[in-house]
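To keep things clear, I will list the structure first and then write my remarks on it.
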Amino acid sequence: MNLFNRGTPFRRADRTEPAAVAQPPTGSSATATAVLPDPGLAALTGEWAIDPAHSRIGFSVRHAMVTTVRGAFLEYQSRLYFDGRDPSRSKAEIVISTGSVDTGVEQRDGHLVGRDFLDAATYPRMRFVSTAVEAVGPDVYRMSGDLTIKTTTRPVVLELTYIGHVTDPFGYQRAGFDGTTTINRSEWGLTYSTRLAEGGAMVSEKVRLQFDIAAIRTPPAG
């Protein structure tokens with residue numbers, strides 16, 4: 001599955017590994033093999049909105065070389081569109097409030113939103129905008145896009161897994177997908193570094209971003 005399109009106000013939101021990307025078969029027919037969209041997804045084409053009560057936009061980073069700190073951003077806006085007939089036309093935009101970071105430790109959250117890291121007072125938003133979508137296997141997609149943090153915009157690639165869709169007891173159509181990518185925070189100007197006595201970093205430069213999304217189909221206007 002790919003993505004959707006509808007603005008939503010900043011909302012408070014309340015994880016899984018993506019499936020392995022399917023590789024094309026080897027041999028002379030490999031270049032001629034294409035991943036065709038599931039015809040059953042055509043009916044899902046249209047605008048959707050992230051359900052913040054059942055979604056998580058999170059991250060994880062190695063701390064002191066021996067443990068992993070996990071957190072999430074609780075406030076964000078999204079513009080999402082899904083094209084089940086032609087996945088390449090699907091798109092996504094997510095704008096995240098940097099000041100809404102939550103790792104469960106108030107002192108650590110204060111450090112993350114301060115000048116050493118996100119500097120939320122100066123840069124209250126970070127933004128992801130898709131630039132291309134490609135089907136790479138059954139229910140597996142690759143979404144390229146631009147990620148802006150502070151004043152730096154760099155390309156990233158999300159590996160997305162379509163989970164499925166249902167109609168809930170209230171008549172709403174719901175769809176789910178998981179996405180993940182790993183970035184080097186220093187490439188976006190997040191260069192804070194404290195070294196350990198053993199020589200390693202207190203906070204790893206590699207940060208894993210996680211998008212665990214439940215979306216609700218938006219009725220057409222009018």
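Just remember, in the structure tokens the first chain shown is A, the second B, etc., residues are 1-based per chain, and ligands are 1-based in the order shown.
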Set the distance at 7 Å and use only C-alpha atoms: which residues neighbour A:Gln210 once local chain neighbours fewer than 6 positions away are removed? I'd like the list as a PDB file with all heavy atoms, in the first residue's frame.
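In the end it all went to out-v4.pdb:
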ATOM      1  N   ILE A  57       4.611   7.714  15.521  1.00  0.00           N
ATOM      2  CA  ILE A  57       5.758   8.211  14.759  1.00  0.00           C
ATOM      3  C   ILE A  57       6.917   8.272  15.741  1.00  0.00           C
ATOM      4  O   ILE A  57       6.968   9.150  16.609  1.00  0.00           O
ATOM      5  CB  ILE A  57       5.465   9.583  14.141  1.00  0.00           C
ATOM      6  CG1 ILE A  57       4.305   9.460  13.146  1.00  0.00           C
ATOM      7  CG2 ILE A  57       6.703  10.142  13.445  1.00  0.00           C
ATOM      8  CD1 ILE A  57       3.898  10.750  12.506  1.00  0.00           C
ATOM      9  N   GLY A  58       7.806   7.310  15.651  1.00  0.00           N
ATOM     10  CA  GLY A  58       8.808   7.142  16.690  1.00  0.00           C
ATOM     11  C   GLY A  58      10.232   7.069  16.170  1.00  0.00           C
ATOM     12  O   GLY A  58      10.501   7.195  14.975  1.00  0.00           O
ATOM     13  N   PHE A  59      11.138   6.848  17.112  1.00  0.00           N
ATOM     14  CA  PHE A  59      12.558   6.736  16.786  1.00  0.00           C
ATOM     15  C   PHE A  59      13.232   5.896  17.858  1.00  0.00           C
ATOM     16  O   PHE A  59      12.718   5.717  18.965  1.00  0.00           O
ATOM     17  CB  PHE A  59      13.221   8.122  16.709  1.00  0.00           C
ATOM     18  CG  PHE A  59      13.184   8.891  18.011  1.00  0.00           C
ATOM     19  CD1 PHE A  59      14.196   8.769  18.953  1.00  0.00           C
ATOM     20  CD2 PHE A  59      12.116   9.729  18.293  1.00  0.00           C
ATOM     21  CE1 PHE A  59      14.148   9.474  20.149  1.00  0.00           C
ATOM     22  CE2 PHE A  59      12.053  10.431  19.495  1.00  0.00           C
ATOM     23  CZ  PHE A  59      13.070  10.302  20.420  1.00  0.00           C
ATOM     24  N   GLY A 179       6.509   1.635   8.400  1.00  0.00           N
ATOM     25  CA  GLY A 179       7.629   2.154   7.623  1.00  0.00           C
ATOM     26  C   GLY A 179       8.825   2.409   8.505  1.00  0.00           C
ATOM     27  O   GLY A 179       8.685   2.718   9.697  1.00  0.00           O
ATOM     28  N   THR A 180      10.001   2.287   7.945  1.00  0.00           N
ATOM     29  CA  THR A 180      11.211   2.542   8.726  1.00  0.00           C
ATOM     30  C   THR A 180      12.334   3.023   7.822  1.00  0.00           C
ATOM     31  O   THR A 180      12.375   2.711   6.622  1.00  0.00           O
ATOM     32  CB  THR A 180      11.651   1.267   9.478  1.00  0.00           C
ATOM     33  OG1 THR A 180      12.751   1.579  10.327  1.00  0.00           O
ATOM     34  CG2 THR A 180      12.065   0.172   8.512  1.00  0.00           C
ATOM     35  N   THR A 181      13.221   3.805   8.392  1.00  0.00           N
ATOM     36  CA  THR A 181      14.448   4.211   7.721  1.00  0.00           C
ATOM     37  C   THR A 181      15.460   4.568   8.798  1.00  0.00           C
ATOM     38  O   THR A 181      15.084   4.859   9.944  1.00  0.00           O
ATOM     39  CB  THR A 181      14.222   5.411   6.783  1.00  0.00           C
ATOM     40  OG1 THR A 181      15.410   5.625   5.993  1.00  0.00           O
ATOM     41  CG2 THR A 181      13.913   6.696   7.549  1.00  0.00           C
TER      42      THR A 181
END
Give me the residues near A:Phe177 as a ChimeraX atom specification, where near means some atom within 7 Å (using only C-alpha atoms) and where sequence neighbours in that chain fewer than 5 positions away do not count. /A:160-163,212-214
Produce a file of the selected residues containing C-alpha atoms, as a PDB file, in the first residue's frame.
ATOM      1  CA  LEU A 160       6.973   0.338   3.790  1.00  0.00           C
ATOM      2  CA  THR A 161       4.945  -2.778   4.480  1.00  0.00           C
ATOM      3  CA  TYR A 162       1.201  -2.784   3.840  1.00  0.00           C
ATOM      4  CA  ILE A 163      -0.541  -4.523   6.748  1.00  0.00           C
ATOM      5  CA  ASP A 212       3.500   2.701  12.529  1.00  0.00           C
ATOM      6  CA  ILE A 213       0.399   4.105  10.905  1.00  0.00           C
ATOM      7  CA  ALA A 214      -3.303   3.372  11.052  1.00  0.00           C
TER       8      ALA A 214
END
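Nearest to A:Ser100 of all the residues A:Leu112, A:Gly40, A:Ser60, A:Gly137 is A:Leu112, counting only C-alpha atoms.
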Name the residues in contact with A:Arg125 at a cut-off of 6 Å, using only C-alpha atoms, excluding same-chain residues fewer than 4 positions from it; report them as a PDB file with N, CA, C and O atoms, in the first residue's frame.
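selection10.pdb written:
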ATOM      1  N   ILE A  96       5.962  17.412  11.658  1.00  0.00           N
ATOM      2  CA  ILE A  96       6.039  16.991  13.046  1.00  0.00           C
ATOM      3  C   ILE A  96       6.443  18.160  13.937  1.00  0.00           C
ATOM      4  O   ILE A  96       7.346  18.930  13.594  1.00  0.00           O
ATOM      5  N   SER A  97       5.783  18.298  15.067  1.00  0.00           N
ATOM      6  CA  SER A  97       6.158  19.296  16.066  1.00  0.00           C
ATOM      7  C   SER A  97       7.373  18.788  16.837  1.00  0.00           C
ATOM      8  O   SER A  97       7.284  17.796  17.566  1.00  0.00           O
ATOM      9  N   THR A  98       8.506  19.452  16.689  1.00  0.00           N
ATOM     10  CA  THR A  98       9.725  18.985  17.347  1.00  0.00           C
ATOM     11  C   THR A  98       9.623  19.064  18.860  1.00  0.00           C
ATOM     12  O   THR A  98      10.254  18.289  19.580  1.00  0.00           O
TER      13      THR A  98
END
Enter the distance from atom CA of A:Pro87 to atom CA of A:His54, in Å, rounded to one decimal.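 Atom-to-atom, atom CA of A:Pro87 to atom CA of A:His54, that is 24.1 Å.
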Nearest to A:Ala53: which of A:Ser186, A:Asp83, A:Ser204, A:Leu74 is it, counting only C-alpha atoms? A:Leu74
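With distances restricted to only C-alpha atoms, A:Leu209 is the closest residue to A:Glu159 from A:Leu209, A:Val113, A:Thr191, A:Thr122.
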Can you check which residues of stretch 132-201 of chain A DSSP gives as strand (DSSP E) on the backbone and send them as number ranges by chain? A: 132-137, 140-149, 152-167, 173-184
Now that the selection is made, can you save its residues with C-alpha atoms as a PDB file, in the first residue's frame?
ATOM      1  CA  ALA A 132       8.555   8.858  -5.450  1.00  0.00           C
ATOM      2  CA  VAL A 133       6.888   5.537  -4.609  1.00  0.00           C
ATOM      3  CA  GLU A 134       7.841   2.143  -6.009  1.00  0.00           C
ATOM      4  CA  ALA A 135       6.335  -1.310  -5.496  1.00  0.00           C
ATOM      5  CA  VAL A 136       9.193  -3.730  -4.780  1.00  0.00           C
ATOM      6  CA  GLY A 137       7.308  -6.855  -3.720  1.00  0.00           C
ATOM      7  CA  VAL A 140       6.200  -4.000   0.125  1.00  0.00           C
ATOM      8  CA  TYR A 141       6.922  -0.511  -1.156  1.00  0.00           C
ATOM      9  CA  ARG A 142       9.822   1.889  -1.254  1.00  0.00           C
ATOM     10  CA  MET A 143       9.034   5.565  -0.710  1.00  0.00           C
ATOM     11  CA  SER A 144      11.684   8.181  -1.442  1.00  0.00           C
ATOM     12  CA  GLY A 145      11.339  11.645  -0.012  1.00  0.00           C
ATOM     13  CA  ASP A 146      12.935  14.732   1.444  1.00  0.00           C
ATOM     14  CA  LEU A 147      13.394  15.075   5.198  1.00  0.00           C
ATOM     15  CA  THR A 148      13.891  18.576   6.589  1.00  0.00           C
ATOM     16  CA  ILE A 149      15.291  19.082  10.080  1.00  0.00           C
ATOM     17  CA  THR A 152      18.780  21.021   6.229  1.00  0.00           C
ATOM     18  CA  THR A 153      16.839  19.000   3.671  1.00  0.00           C
ATOM     19  CA  ARG A 154      18.213  15.623   2.585  1.00  0.00           C
ATOM     20  CA  PRO A 155      16.783  12.605   0.758  1.00  0.00           C
ATOM     21  CA  VAL A 156      15.716   9.497   2.659  1.00  0.00           C
ATOM     22  CA  VAL A 157      14.137   6.197   1.629  1.00  0.00           C
ATOM     23  CA  LEU A 158      11.387   4.517   3.652  1.00  0.00           C
ATOM     24  CA  GLU A 159      10.738   0.786   3.412  1.00  0.00           C
ATOM     25  CA  LEU A 160       6.973   0.338   3.790  1.00  0.00           C
ATOM     26  CA  THR A 161       4.945  -2.778   4.480  1.00  0.00           C
ATOM     27  CA  TYR A 162       1.201  -2.784   3.840  1.00  0.00           C
ATOM     28  CA  ILE A 163      -0.541  -4.523   6.748  1.00  0.00           C
ATOM     29  CA  GLY A 164      -4.098  -4.712   5.454  1.00  0.00           C
ATOM     30  CA  HIS A 165      -7.461  -2.960   5.531  1.00  0.00           C
ATOM     31  CA  VAL A 166     -10.793  -3.531   7.265  1.00  0.00           C
ATOM     32  CA  THR A 167     -14.140  -1.854   7.833  1.00  0.00           C
ATOM     33  CA  GLN A 173     -12.464   1.969   6.324  1.00  0.00           C
ATOM     34  CA  ARG A 174      -9.099   1.490   8.018  1.00  0.00           C
ATOM     35  CA  ALA A 175      -5.710   0.620   6.546  1.00  0.00           C
ATOM     36  CA  GLY A 176      -2.361   0.019   8.195  1.00  0.00           C
ATOM     37  CA  PHE A 177       1.280   0.084   7.209  1.00  0.00           C
ATOM     38  CA  ASP A 178       4.681   0.121   8.850  1.00  0.00           C
ATOM     39  CA  GLY A 179       7.629   2.154   7.623  1.00  0.00           C
ATOM     40  CA  THR A 180      11.211   2.542   8.726  1.00  0.00           C
ATOM     41  CA  THR A 181      14.448   4.211   7.721  1.00  0.00           C
ATOM     42  CA  THR A 182      17.787   4.913   9.390  1.00  0.00           C
ATOM     43  CA  ILE A 183      19.497   8.299   9.196  1.00  0.00           C
ATOM     44  CA  ASN A 184      22.769   9.816  10.363  1.00  0.00           C
TER      45      ASN A 184
END
What does the distance between atom CA of A:Asp102 and atom CA of A:Glu205 come to in Å, to one decimal place?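 According to the coordinates, atom CA of A:Asp102 and atom CA of A:Glu205 are separated by 18.9 Å.
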